[in-house]
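A.B. asks: Dropping in data-v5.cif, with mmCIF, C-alpha atoms.
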```
data_run
loop_
_atom_site.label_atom_id
_atom_site.label_comp_id
_atom_site.auth_asym_id
_atom_site.auth_seq_id
_atom_site.Cartn_x
_atom_site.Cartn_y
_atom_site.Cartn_z
CA MET A 163 -21.31 -44.31 58.34
CA ASN A 164 -23.52 -45.82 60.99
CA CYS A 165 -22.77 -49.37 62.13
CA PRO A 166 -24.87 -50.02 65.25
CA ARG A 167 -23.72 -53.64 65.55
CA LEU A 168 -20.06 -52.68 65.44
CA LYS A 169 -20.75 -49.83 67.87
CA ASN A 170 -22.50 -52.17 70.28
CA TRP A 171 -19.72 -54.74 69.95
CA PHE A 172 -17.18 -52.09 70.91
CA TRP A 173 -19.34 -50.59 73.69
CA GLU A 174 -19.86 -54.00 75.29
CA ARG A 175 -16.11 -54.39 75.68
CA TYR A 176 -14.89 -50.86 76.28
CA ASN A 177 -16.72 -48.23 78.21
CA ILE A 178 -15.45 -44.96 76.79
CA ASP A 179 -18.26 -42.87 78.25
CA GLU A 180 -15.88 -41.48 80.87
CA ILE A 181 -13.46 -40.25 78.21
CA ARG A 182 -16.37 -38.80 76.23
CA ASP A 183 -17.66 -36.97 79.31
CA LEU A 184 -14.17 -35.67 80.04
CA VAL A 185 -13.82 -34.28 76.52
CA LYS A 186 -17.32 -32.77 76.74
CA GLN A 187 -16.54 -31.09 80.04
CA LYS A 188 -13.21 -29.66 78.92
CA SER A 189 -13.31 -25.97 78.07
CA VAL A 190 -10.86 -23.34 76.89
CA PRO A 191 -10.77 -19.79 78.31
CA LYS A 192 -11.91 -17.10 75.91
CA HIS A 193 -9.90 -13.87 75.97
CA LYS A 194 -7.88 -11.53 73.76
CA TYR A 195 -4.72 -13.68 73.90
CA GLU A 196 -6.46 -16.98 73.10
CA ILE A 197 -4.83 -17.12 69.65
CA TRP A 198 -1.62 -18.24 71.32
CA TYR A 199 -3.34 -21.43 72.52
CA TYR A 200 -3.26 -22.68 68.93
CA THR A 201 0.55 -22.59 68.57
CA GLY A 202 0.98 -25.81 70.57
CA GLY A 203 -1.59 -27.62 68.42
CA ILE A 204 0.10 -26.42 65.21
CA THR A 205 3.44 -27.74 66.45
CA LEU A 206 1.84 -31.09 67.26
CA PHE A 207 0.34 -31.23 63.78
CA LEU A 208 3.70 -30.45 62.17
CA PHE A 209 5.36 -33.17 64.23
CA ILE A 210 2.76 -35.63 62.93
CA ILE A 211 3.65 -34.58 59.36
CA GLN A 212 7.31 -35.13 60.21
CA PHE A 213 6.65 -38.62 61.55
CA ILE A 214 4.68 -39.64 58.45
CA THR A 215 7.04 -38.17 55.84
CA GLY A 216 10.05 -39.43 57.81
CA MET A 217 8.70 -42.96 57.79
CA VAL A 218 8.17 -42.79 54.02
CA LEU A 219 11.71 -41.48 53.43
CA SER A 220 13.27 -44.11 55.68
CA PHE A 221 12.09 -46.82 53.27
CA TYR A 222 14.56 -45.56 50.68
CA TYR A 223 17.33 -43.77 52.57
CA VAL A 224 20.59 -45.71 52.95
CA PRO A 225 22.43 -44.71 56.16
CA HIS A 226 25.94 -45.40 54.93
CA PHE A 227 28.48 -42.69 54.06
CA GLU A 228 29.09 -44.14 50.61
CA HIS A 229 25.42 -44.39 49.66
CA ALA A 230 23.60 -41.78 51.76
CA HIS A 231 24.01 -38.86 49.36
CA LYS A 232 23.23 -40.99 46.32
CA SER A 233 20.15 -42.47 47.96
CA ILE A 234 18.74 -38.98 48.58
CA ILE A 235 19.39 -38.00 44.97
CA GLU A 236 17.57 -41.15 43.91
CA ILE A 237 14.66 -40.35 46.23
CA VAL A 238 14.41 -36.90 44.66
CA THR A 239 14.99 -37.79 41.02
CA LYS A 240 13.79 -41.36 40.54
CA LEU A 241 11.03 -42.10 43.01
CA ASN A 242 7.48 -41.17 42.24
CA MET A 243 6.69 -38.14 44.45
CA GLY A 244 10.01 -38.68 46.25
CA TRP A 245 10.99 -35.04 45.75
CA PHE A 246 7.68 -33.99 47.31
CA PHE A 247 8.03 -36.12 50.45
CA ARG A 248 11.61 -34.99 50.97
CA SER A 249 10.65 -31.36 50.46
CA LEU A 250 7.64 -31.73 52.77
CA HIS A 251 9.88 -33.26 55.44
CA HIS A 252 12.34 -30.38 55.10
CA TRP A 253 9.77 -27.58 55.24
CA GLY A 254 7.75 -29.34 57.95
CA ALA A 255 10.89 -29.34 60.10
CA GLN A 256 11.65 -25.67 59.44
CA ILE A 257 8.14 -24.51 60.25
CA ALA A 258 7.88 -26.83 63.27
CA ILE A 259 10.95 -25.17 64.76
CA VAL A 260 9.56 -21.69 63.97
CA MET A 261 6.29 -22.66 65.66
CA LEU A 262 8.14 -24.10 68.64
CA PHE A 263 9.98 -20.80 69.12
CA ILE A 264 6.71 -18.85 68.80
CA HIS A 265 5.06 -21.24 71.30
CA LEU A 266 8.00 -20.81 73.67
CA TRP A 267 7.97 -17.01 73.58
CA SER A 268 4.20 -16.74 73.82
CA THR A 269 4.34 -18.99 76.90
CA LEU A 270 7.09 -16.84 78.34
CA LEU A 271 5.48 -13.46 77.67
CA LEU A 272 2.04 -14.59 78.90
CA LYS A 273 3.73 -16.15 81.96
CA ALA A 274 1.98 -19.44 81.28
CA TYR A 275 4.89 -21.18 83.02
CA ARG A 276 3.93 -19.86 86.45
CA LYS A 277 2.91 -22.04 89.36
CA PRO A 278 1.71 -24.82 89.07
CA ARG A 279 2.80 -25.25 85.41
CA GLU A 280 6.60 -25.27 85.84
CA PHE A 281 6.93 -28.81 84.48
CA VAL A 282 4.86 -27.95 81.42
CA TRP A 283 7.54 -25.36 80.63
CA VAL A 284 10.39 -27.76 81.45
CA SER A 285 9.01 -30.55 79.24
CA GLY A 286 8.31 -28.05 76.43
CA PHE A 287 11.79 -26.57 76.64
CA ILE A 288 13.39 -30.03 76.45
CA LEU A 289 11.17 -30.75 73.44
CA LEU A 290 12.54 -27.63 71.74
CA GLY A 291 16.10 -28.81 72.39
CA ILE A 292 15.23 -32.21 70.98
CA ALA A 293 13.61 -30.62 67.93
CA ILE A 294 16.80 -28.65 67.27
CA PHE A 295 18.86 -31.82 67.57
CA PHE A 296 16.35 -33.49 65.26
CA GLY A 297 17.08 -30.70 62.77
CA LEU A 298 20.85 -31.07 63.05
CA SER A 299 20.83 -34.86 62.81
CA GLY A 300 18.40 -34.81 59.89
CA TYR A 301 20.47 -32.18 58.10
CA PHE A 302 23.57 -34.36 58.45
CA LEU A 303 21.82 -37.35 56.87
CA LEU A 304 22.14 -35.51 53.55
CA TRP A 305 25.89 -36.14 53.72
CA ASP A 306 26.64 -33.09 51.60
CA GLU A 307 29.56 -30.73 52.19
CA ARG A 308 27.51 -28.04 53.96
CA ALA A 309 25.90 -30.49 56.35
CA PHE A 310 29.26 -32.11 56.99
CA ALA A 311 30.92 -28.80 57.87
CA ALA A 312 27.93 -27.74 60.01
CA VAL A 313 28.10 -30.92 62.09
CA ARG A 314 31.85 -30.61 62.41
CA VAL A 315 31.42 -27.05 63.77
CA ALA A 316 28.47 -27.96 66.03
CA THR A 317 30.09 -31.03 67.57
CA GLY A 318 33.41 -29.16 67.82
CA GLY A 319 31.62 -26.32 69.64
CA ALA A 320 30.07 -28.76 72.10
CA GLY A 321 33.57 -30.12 72.66
CA ASN A 322 34.65 -26.71 73.98
CA LEU A 323 32.48 -27.09 77.06
CA PRO A 324 34.67 -27.64 80.11
CA VAL A 325 34.63 -31.06 81.84
CA VAL A 326 31.82 -32.71 79.81
CA GLY A 327 32.72 -31.22 76.39
CA GLY A 328 35.15 -33.97 75.37
CA PHE A 329 32.68 -36.68 76.26
CA ILE A 330 29.77 -34.98 74.42
CA LYS A 331 31.93 -34.48 71.33
CA ALA A 332 33.13 -38.09 71.29
CA PHE A 333 29.63 -39.38 72.01
CA LEU A 334 28.11 -37.38 69.15
CA ARG A 335 30.83 -38.11 66.62
CA GLY A 336 31.46 -41.74 67.54
CA ASP A 337 35.03 -41.12 66.42
CA ILE A 338 37.80 -38.54 66.72
CA ASP A 339 36.45 -36.58 63.75
CA VAL A 340 33.14 -36.51 61.87
CA THR A 341 33.11 -39.74 59.87
CA GLY A 342 30.80 -42.43 58.56
CA ASP A 343 30.38 -43.57 62.17
CA THR A 344 28.88 -40.16 62.96
CA LEU A 345 26.37 -40.70 60.15
CA THR A 346 25.33 -44.07 61.59
CA ARG A 347 25.04 -42.50 65.03
CA PHE A 348 23.01 -39.51 63.80
CA TYR A 349 20.74 -41.84 61.86
CA ALA A 350 20.10 -43.84 65.04
CA PHE A 351 19.33 -40.59 66.87
CA HIS A 352 17.12 -39.27 64.10
CA VAL A 353 14.95 -42.31 63.46
CA GLY A 354 15.10 -44.21 66.73
CA ILE A 355 16.12 -42.45 69.91
CA LEU A 356 14.80 -38.93 69.31
CA PRO A 357 11.33 -39.98 68.04
CA LEU A 358 10.88 -42.22 71.08
CA VAL A 359 11.97 -39.53 73.54
CA THR A 360 9.88 -36.93 71.68
CA PHE A 361 6.80 -39.14 71.81
CA CYS A 362 7.16 -39.77 75.55
CA LEU A 363 7.81 -36.10 76.33
CA MET A 364 4.98 -34.96 74.09
CA VAL A 365 2.54 -37.29 75.86
CA LEU A 366 3.78 -35.97 79.22
CA HIS A 367 3.51 -32.35 78.01
CA ILE A 368 -0.05 -32.83 76.74
CA LEU A 369 -1.11 -34.74 79.86
CA LEU A 370 0.28 -31.97 82.05
CA VAL A 371 -1.60 -29.35 80.01
CA GLN A 372 -4.80 -31.41 80.43
CA TYR A 373 -4.15 -31.83 84.14
CA HIS A 374 -3.56 -28.14 84.84
CA GLY A 375 -5.91 -26.76 82.19
CA MET A 376 -5.11 -23.80 79.96
CA SER A 377 -3.21 -21.00 81.63
CA VAL A 378 -4.82 -17.56 81.71
CA PRO A 379 -2.60 -14.44 81.74
CA VAL A 380 -2.36 -12.59 85.09
CA SER A 381 -3.82 -9.41 83.59
CA ILE A 382 -6.98 -11.21 82.54
CA LYS A 383 -7.57 -13.60 85.37
CA LYS A 384 -9.41 -11.13 87.57
CA GLU A 385 -12.07 -10.44 84.99
CA LYS A 386 -15.03 -12.72 84.58
CA LEU A 387 -13.92 -15.16 81.94
CA LYS A 388 -16.00 -16.74 79.23
CA GLU A 389 -15.21 -20.32 78.28
CA THR A 390 -15.41 -22.10 74.93
CA PRO A 391 -16.13 -25.84 74.85
CA PHE A 392 -13.03 -27.76 73.75
CA PHE A 393 -15.16 -30.10 71.68
CA PRO A 394 -16.34 -29.26 69.09
CA ASN A 395 -15.65 -25.49 69.04
CA PHE A 396 -11.91 -25.43 69.78
CA VAL A 397 -11.26 -28.61 67.80
CA TYR A 398 -12.95 -27.14 64.71
CA LYS A 399 -10.89 -23.95 64.97
CA ASP A 400 -7.77 -26.06 65.43
CA LEU A 401 -8.68 -28.03 62.30
CA ILE A 402 -9.02 -24.84 60.26
CA ILE A 403 -5.57 -23.64 61.37
CA TRP A 404 -4.05 -27.08 60.71
CA LEU A 405 -5.48 -27.04 57.19
CA VAL A 406 -3.96 -23.61 56.53
CA MET A 407 -0.61 -24.82 57.89
CA LEU A 408 -0.79 -27.91 55.70
CA GLY A 409 -1.41 -25.63 52.72
CA ILE A 410 1.58 -23.45 53.60
CA VAL A 411 3.92 -26.43 54.07
CA VAL A 412 2.77 -28.07 50.83
CA THR A 413 3.13 -24.78 48.91
CA LEU A 414 6.66 -24.22 50.21
CA ALA A 415 7.55 -27.85 49.51
CA THR A 416 6.34 -27.47 45.94
CA LEU A 417 7.69 -24.03 45.11
CA VAL A 418 10.95 -24.02 47.09
CA PRO A 419 12.36 -27.55 47.18
CA PRO A 420 15.51 -27.74 49.34
CA GLU A 421 18.88 -27.91 47.61
CA ILE A 422 21.23 -30.86 47.74
CA GLY A 423 24.89 -29.90 47.79
CA LYS A 424 27.92 -31.83 46.61
CA LYS A 425 28.71 -35.10 48.34
CA ALA A 426 30.76 -34.57 51.50
CA ASP A 427 34.45 -35.27 51.36
CA PRO A 428 35.89 -35.67 54.88
CA LEU A 429 39.37 -34.73 53.65
CA ALA A 430 38.32 -31.58 51.79
CA PRO A 431 38.41 -28.16 53.52
CA ALA A 432 35.08 -26.62 54.54
CA PRO A 433 33.47 -24.59 51.71
CA GLU A 434 33.73 -20.81 51.95
CA ASN A 435 31.01 -18.64 53.49
CA ILE A 436 29.44 -21.63 55.13
CA LYS A 437 26.57 -20.92 57.47
CA PRO A 438 24.65 -23.19 59.81
CA GLU A 439 20.89 -23.70 59.71
CA TRP A 440 18.92 -20.57 60.65
CA TYR A 441 18.17 -21.73 64.22
CA PHE A 442 21.91 -21.96 64.93
CA LEU A 443 22.72 -18.57 63.38
CA PHE A 444 22.34 -16.64 66.65
CA LEU A 445 24.87 -18.97 68.31
CA PHE A 446 27.19 -18.75 65.30
CA GLN A 447 26.99 -14.94 65.31
CA THR A 448 27.54 -14.76 69.09
CA LEU A 449 30.65 -16.91 68.77
CA LYS A 450 31.96 -14.48 66.14
CA LEU A 451 31.70 -11.60 68.62
CA PHE A 452 34.28 -13.15 70.92
CA PRO A 453 38.03 -12.84 70.29
CA GLY A 454 40.18 -15.96 70.06
CA GLU A 455 41.69 -15.35 73.49
CA ILE A 456 40.37 -13.54 76.57
CA LEU A 457 42.81 -13.04 79.45
CA GLY A 458 44.82 -16.05 78.32
CA LEU A 459 41.74 -18.27 78.15
CA ASN A 460 40.17 -19.76 75.03
CA GLY A 461 37.62 -17.20 73.77
CA GLU A 462 35.35 -19.85 72.26
CA THR A 463 35.16 -21.75 75.54
CA ILE A 464 34.17 -18.56 77.37
CA ALA A 465 31.56 -17.78 74.70
CA ILE A 466 30.07 -21.28 74.92
CA LEU A 467 30.02 -21.08 78.73
CA LEU A 468 28.20 -17.73 78.59
CA ILE A 469 25.72 -19.01 76.01
CA SER A 470 25.10 -22.15 78.10
CA ALA A 471 24.54 -20.00 81.19
CA GLY A 472 22.08 -17.83 79.22
CA ILE A 473 20.15 -20.88 78.00
CA LEU A 474 20.15 -22.41 81.51
CA PHE A 475 18.75 -19.18 82.97
CA PHE A 476 16.04 -19.16 80.27
CA PHE A 477 15.21 -22.78 81.10
CA LEU A 478 14.89 -22.01 84.82
CA ILE A 479 12.84 -18.81 84.46
CA PRO A 480 9.67 -20.35 86.07
CA PHE A 481 11.68 -20.96 89.24
CA PHE A 482 13.20 -17.45 89.32
CA ASP A 483 10.05 -15.49 88.56
CA ARG A 484 8.65 -15.14 92.08
CA LYS A 485 6.16 -12.38 91.22
CA SER A 486 4.37 -14.55 88.67
CA GLN A 487 4.25 -17.35 91.22
CA ARG A 488 2.31 -14.97 93.46
CA GLU A 489 -0.04 -14.17 90.54
CA GLU A 490 1.39 -10.65 90.30
CA ARG A 491 2.49 -8.85 87.15
CA SER A 492 6.16 -9.47 86.51
CA THR A 493 7.46 -6.71 84.25
CA LEU A 494 11.10 -7.67 84.77
CA PHE A 495 10.62 -11.11 83.23
CA THR A 496 8.57 -9.66 80.38
CA TRP A 497 11.59 -7.47 79.59
CA ILE A 498 13.96 -10.40 79.97
CA GLY A 499 11.82 -12.40 77.54
CA LEU A 500 11.76 -9.50 75.09
CA ILE A 501 15.52 -9.02 75.31
CA TYR A 502 16.08 -12.72 74.62
CA PHE A 503 13.65 -12.53 71.69
CA LEU A 504 15.23 -9.40 70.19
CA TYR A 505 18.73 -10.82 70.62
CA PHE A 506 17.70 -14.05 68.87
CA VAL A 507 16.00 -12.24 65.98
CA LEU A 508 18.74 -9.62 65.57
CA MET A 509 21.59 -12.12 65.61
CA THR A 510 19.74 -14.39 63.19
CA ILE A 511 19.19 -11.48 60.77
CA ILE A 512 22.83 -10.35 61.06
CA GLY A 513 23.90 -13.96 60.50
CA PHE A 514 21.82 -14.09 57.34
CA ILE A 515 23.08 -10.80 55.94
CA SER A 516 26.77 -11.12 56.80
CA MET B 78 36.84 -50.29 11.00
CA LYS B 79 33.12 -49.69 11.44
CA LYS B 80 33.15 -51.71 14.68
CA ILE B 81 36.12 -49.77 16.04
CA LEU B 82 34.44 -46.46 15.20
CA THR B 83 31.17 -47.54 16.81
CA SER B 84 32.90 -48.75 19.98
CA PHE B 85 34.98 -45.54 20.09
CA ALA B 86 31.80 -43.46 19.72
CA GLY B 87 30.19 -45.50 22.48
CA MET B 88 33.16 -44.89 24.76
CA LEU B 89 33.11 -41.19 23.95
CA ILE B 90 29.43 -40.94 24.80
CA SER B 91 30.00 -42.76 28.11
CA VAL B 92 32.94 -40.51 29.02
CA THR B 93 31.11 -37.30 28.11
CA ASP B 94 28.18 -38.54 30.14
CA LEU B 95 30.52 -38.83 33.13
CA PHE B 96 31.74 -35.25 32.66
CA ALA B 97 28.27 -33.97 32.00
CA GLN B 98 27.04 -35.13 35.42
CA GLN B 99 25.31 -32.20 37.05
CA ASP B 100 26.46 -30.68 40.30
CA LYS B 101 22.91 -29.56 40.89
CA PHE B 102 20.01 -31.93 40.61
CA ASP B 103 16.51 -31.41 39.44
CA LEU B 104 14.62 -30.92 42.65
CA LEU B 105 11.30 -30.88 40.84
CA PRO B 106 10.20 -33.02 37.90
CA ALA B 107 12.30 -31.76 34.99
CA ALA B 108 9.82 -31.79 32.12
CA SER B 109 7.82 -28.58 31.81
CA TYR B 110 4.59 -30.53 31.33
CA ASP B 111 5.21 -32.44 34.59
CA ARG B 112 5.92 -29.17 36.36
CA PHE B 113 2.69 -27.74 35.02
CA ILE B 114 0.85 -30.76 36.45
CA VAL B 115 2.53 -30.19 39.82
CA TYR B 116 1.49 -26.51 39.93
CA GLN B 117 -1.98 -27.39 38.74
CA ASN B 118 -2.30 -29.93 41.57
CA LEU B 119 -1.14 -27.31 44.03
CA VAL B 120 -3.97 -25.01 42.93
CA ILE B 121 -6.49 -27.88 43.21
CA PHE B 122 -5.09 -28.68 46.65
CA TRP B 123 -5.66 -25.10 47.82
CA ILE B 124 -9.20 -25.13 46.42
CA GLY B 125 -9.79 -28.31 48.43
CA ILE B 126 -8.40 -26.71 51.59
CA ILE B 127 -10.55 -23.60 51.14
CA GLY B 128 -13.59 -25.81 50.56
CA LEU B 129 -12.92 -27.78 53.74
CA ILE B 130 -12.40 -24.58 55.72
CA VAL B 131 -15.74 -23.23 54.48
CA ILE B 132 -17.51 -26.47 55.49
CA ILE B 133 -15.88 -26.49 58.96
CA LYS B 134 -16.74 -22.79 59.42
CA MET B 135 -20.37 -23.48 58.53
CA LYS B 136 -20.46 -26.41 60.94
CA LEU B 137 -18.88 -24.26 63.68
CA LYS B 138 -21.45 -21.52 63.15
CA GLU B 139 -24.22 -24.05 63.42
CA VAL B 140 -22.76 -25.49 66.63
CA GLU B 141 -22.45 -21.99 68.11
CA ARG B 142 -26.04 -21.18 67.12
CA ILE B 143 -27.29 -24.34 68.86
CA GLN B 144 -25.17 -23.58 71.93
CA LYS B 145 -26.59 -20.05 72.05
CA MET B 146 -30.10 -21.47 72.03
CA GLY B 147 -29.07 -23.84 74.83
CA ILE B 148 -30.48 -26.97 73.20
CA ASN B 149 -27.17 -28.78 73.01
CA LYS B 150 -27.20 -30.03 76.61
CA GLU B 151 -28.71 -33.40 77.31
CA GLU B 152 -31.51 -33.20 79.80
CA LYS B 153 -31.39 -35.72 82.59
CA ASN B 154 -34.35 -37.83 83.65
CA ILE B 155 -36.09 -37.58 80.31
CA PRO B 156 -39.08 -39.93 80.26
CA VAL B 157 -38.41 -42.82 77.89
CA LEU B 158 -41.24 -43.53 75.48
CA ASP B 159 -40.81 -47.28 75.04
#
```
With the file now loaded, output its structure as structure tokens.
C.D. replies:
Amino acid sequence: MNCPRLKNWFWERYNIDEIRDLVKQKSVPKHKYEIWYYTGGITLFLFIIQFITGMVLSFYYVPHFEHAHKSIIEIVTKLNMGWFFRSLHHWGAQIAIVMLFIHLWSTLLLKAYRKPREFVWVSGFILLGIAIFFGLSGYFLLWDERAFAAVRVATGGAGNLPVVGGFIKAFLRGDIDVTGDTLTRFYAFHVGILPLVTFCLMVLHILLVQYHGMSVPVSIKKEKLKETPFFPNFVYKDLIIWLVMLGIVVTLATLVPPEIGKKADPLAPAPENIKPEWYFLFLFQTLKLFPGEILGLNGETIAILLISAGILFFFLIPFFDRKSQREERSTLFTWIGLIYFLYFVLMTIIGFIS
Amino acid sequence: MKKILTSFAGMLISVTDLFAQQDKFDLLPAASYDRFIVYQNLVIFWIGIIGLIVIIKMKLKEVERIQKMGINKEEKNIPVLD
């Protein structure tokens, strides 16, 4: 489509030559680890899918404890392609979180967080936390017995944190226990607050990446690097990977649609053998390792404190890793990253099997 | 008598319908023909994706070929013919 008059009309008002030149000048380093550069783009793409499918679902979802479960059943069974959009939203979320974890660990192991990119890591890490909360709040919107029990456990666990725990628990639940008020609150988080925060953080994250440019691993930096133009070469490769991802998400959505459990009953006991979503399994399994009481103190509180300390250390790694800051190889932090990774994978697998 | 029997049968059907409510719901269209259509569309979708990937790959190769030849850069101070 070539519309010279429209083009001229636009050009007379907005000079986008600078942006065009900027895109033309941008290049991406070419080396053996370059495949990891695509993980961020894939995550972005999956987030876009989530936004679109989420908007479609929000037209029909009723955020009230009496109607929520029924409205989802109606979306799945009565609406044209409703089952597909719901399934796509579910699988998009699962794969987005997988990709976020892969992106996180690839950044960690390639030391892409090192000076001057500390805030790229910080913004990305917060985005991962938000994505997990997105998952939990979205899961709860189902208002089925599994989701209900999972939120009760998760918010109860947060309540075990000393000093701030009680406030966090009350803030999340909006009541003493998990009730219809919690559903309203989680809906507000899921469709209003979290998307807004995610959008702002994502813009910041991408702008920071553009500002600093792509990070090159320490081991490769000394060599003479080749560069690939961002546009069109990198964009075309990104498009290919996005298409494959779209195919995978659509296939999973079609072949493995997510289950809907029985409607939640706040007065009923939690169903047996209940397990949280896979990204909480490592926490769930860690909590199981601790006895009920340690030296007269609540075992769960100690476990949650230790887990929080572990996550805080992980979050602050760019500030602890001095060797990487000096552009030196930092084997210690590679091992720390690997230990974290193995622990996460192992505990998740044990959680699945047990 | 006929009316009573009919209304009783109607009630029975309504009650059994209540009991027959499924715990699990059809997460895909229930009719086998509809399911077939869904799977068929999935195959068509993948063919479309593969087609697009082939086109993008061809385009990428062409771009790389032009870049290798070095004729992609705009030369400055080109004399204008008009």
A.B. asks: If you count all atoms listed in the file, which residues fall within 8 Å of stretch 469-483 of chain A, apart from same-chain ones fewer than 4 positions away, as a count of residues only?
C.D. replies: 12
A.B. asks: From the set B:Gly147, B:Gly128, B:Pro156, B:Pro106, which residue has the shortest atom-to-atom contact distance to chain A, counting all atoms listed in the file?
C.D. replies: B:Pro106
A.B. asks: For the PyMOL selection byres ((chain B) within 12 of (chain A)), applied here, can you spell out every residue it catches as a PyMOL selection string?
C.D. replies: chain B and resi 98-108+111-145+149-151
A.B. asks: Could you jot down the atom CA of A:Tyr176 to atom CA of A:Leu369 separation for me, Å, one decimal place?
C.D. replies: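 Separating atom CA of A:Tyr176 from atom CA of A:Leu369 is a distance of 21.5 Å.
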A.B. asks: If the PyMOL selection byres ((chain A and resi 499-506) around 12) is run on the structure shown, which residues does it catch, given as a ChimeraX atom specification?
C.D. replies: /A:263-264,266-273,440-448,469,472-473,475-477,479-480,483,492-498,507-513
A.B. asks: Just so the selection is clear, what residues does the PyMOL selection byres ((chain A and resi 210) around 12) cover here, as a list in words?
C.D. replies: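 For this structure, the PyMOL selection byres ((chain A and resi 210) around 12) captures Gly203, Ile204, Thr205, Leu206, Phe207, Leu208, Phe209, Ile211, Gln212, Phe213, Ile214, Thr215, Gly216, Met217, Leu250, His251, Gly254, Ala255, Ala258, Pro357, Thr360, Phe361, Met364, Trp404 and Leu408 of chain A.
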A.B. asks: With C-alpha atoms retained, could you export that selection as a compact mmCIF listing (two decimals), in the frame of the given file?
C.D. replies:
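Result went into result-v4.txt, see below:
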```txt
# COMPACT_ATOMS: atom_id res chain seq x y z
CA GLY A 203 -1.59 -27.62 68.42
CA ILE A 204 0.10 -26.42 65.21
CA THR A 205 3.44 -27.74 66.45
CA LEU A 206 1.84 -31.09 67.26
CA PHE A 207 0.34 -31.23 63.78
CA LEU A 208 3.70 -30.45 62.17
CA PHE A 209 5.36 -33.17 64.23
CA ILE A 211 3.65 -34.58 59.36
CA GLN A 212 7.31 -35.13 60.21
CA PHE A 213 6.65 -38.62 61.55
CA ILE A 214 4.68 -39.64 58.45
CA THR A 215 7.04 -38.17 55.84
CA GLY A 216 10.05 -39.43 57.81
CA MET A 217 8.70 -42.96 57.79
CA LEU A 250 7.64 -31.73 52.77
CA HIS A 251 9.88 -33.26 55.44
CA GLY A 254 7.75 -29.34 57.95
CA ALA A 255 10.89 -29.34 60.10
CA ALA A 258 7.88 -26.83 63.27
CA PRO A 357 11.33 -39.98 68.04
CA THR A 360 9.88 -36.93 71.68
CA PHE A 361 6.80 -39.14 71.81
CA MET A 364 4.98 -34.96 74.09
CA TRP A 404 -4.05 -27.08 60.71
CA LEU A 408 -0.79 -27.91 55.70
```
A.B. asks: Starting from 4 Å padding per side, set up an axis-aligned box that covers all listed atoms of stretch 453-471 of chain A and hand over centre and edge lengths in Å, one decimal, as lines of an AutoDock Vina configuration file.
C.D. replies:
```
center_x = 34.7
center_y = -17.5
center_z = 75.6
size_x = 28.3
size_y = 17.3
size_z = 19.1
```
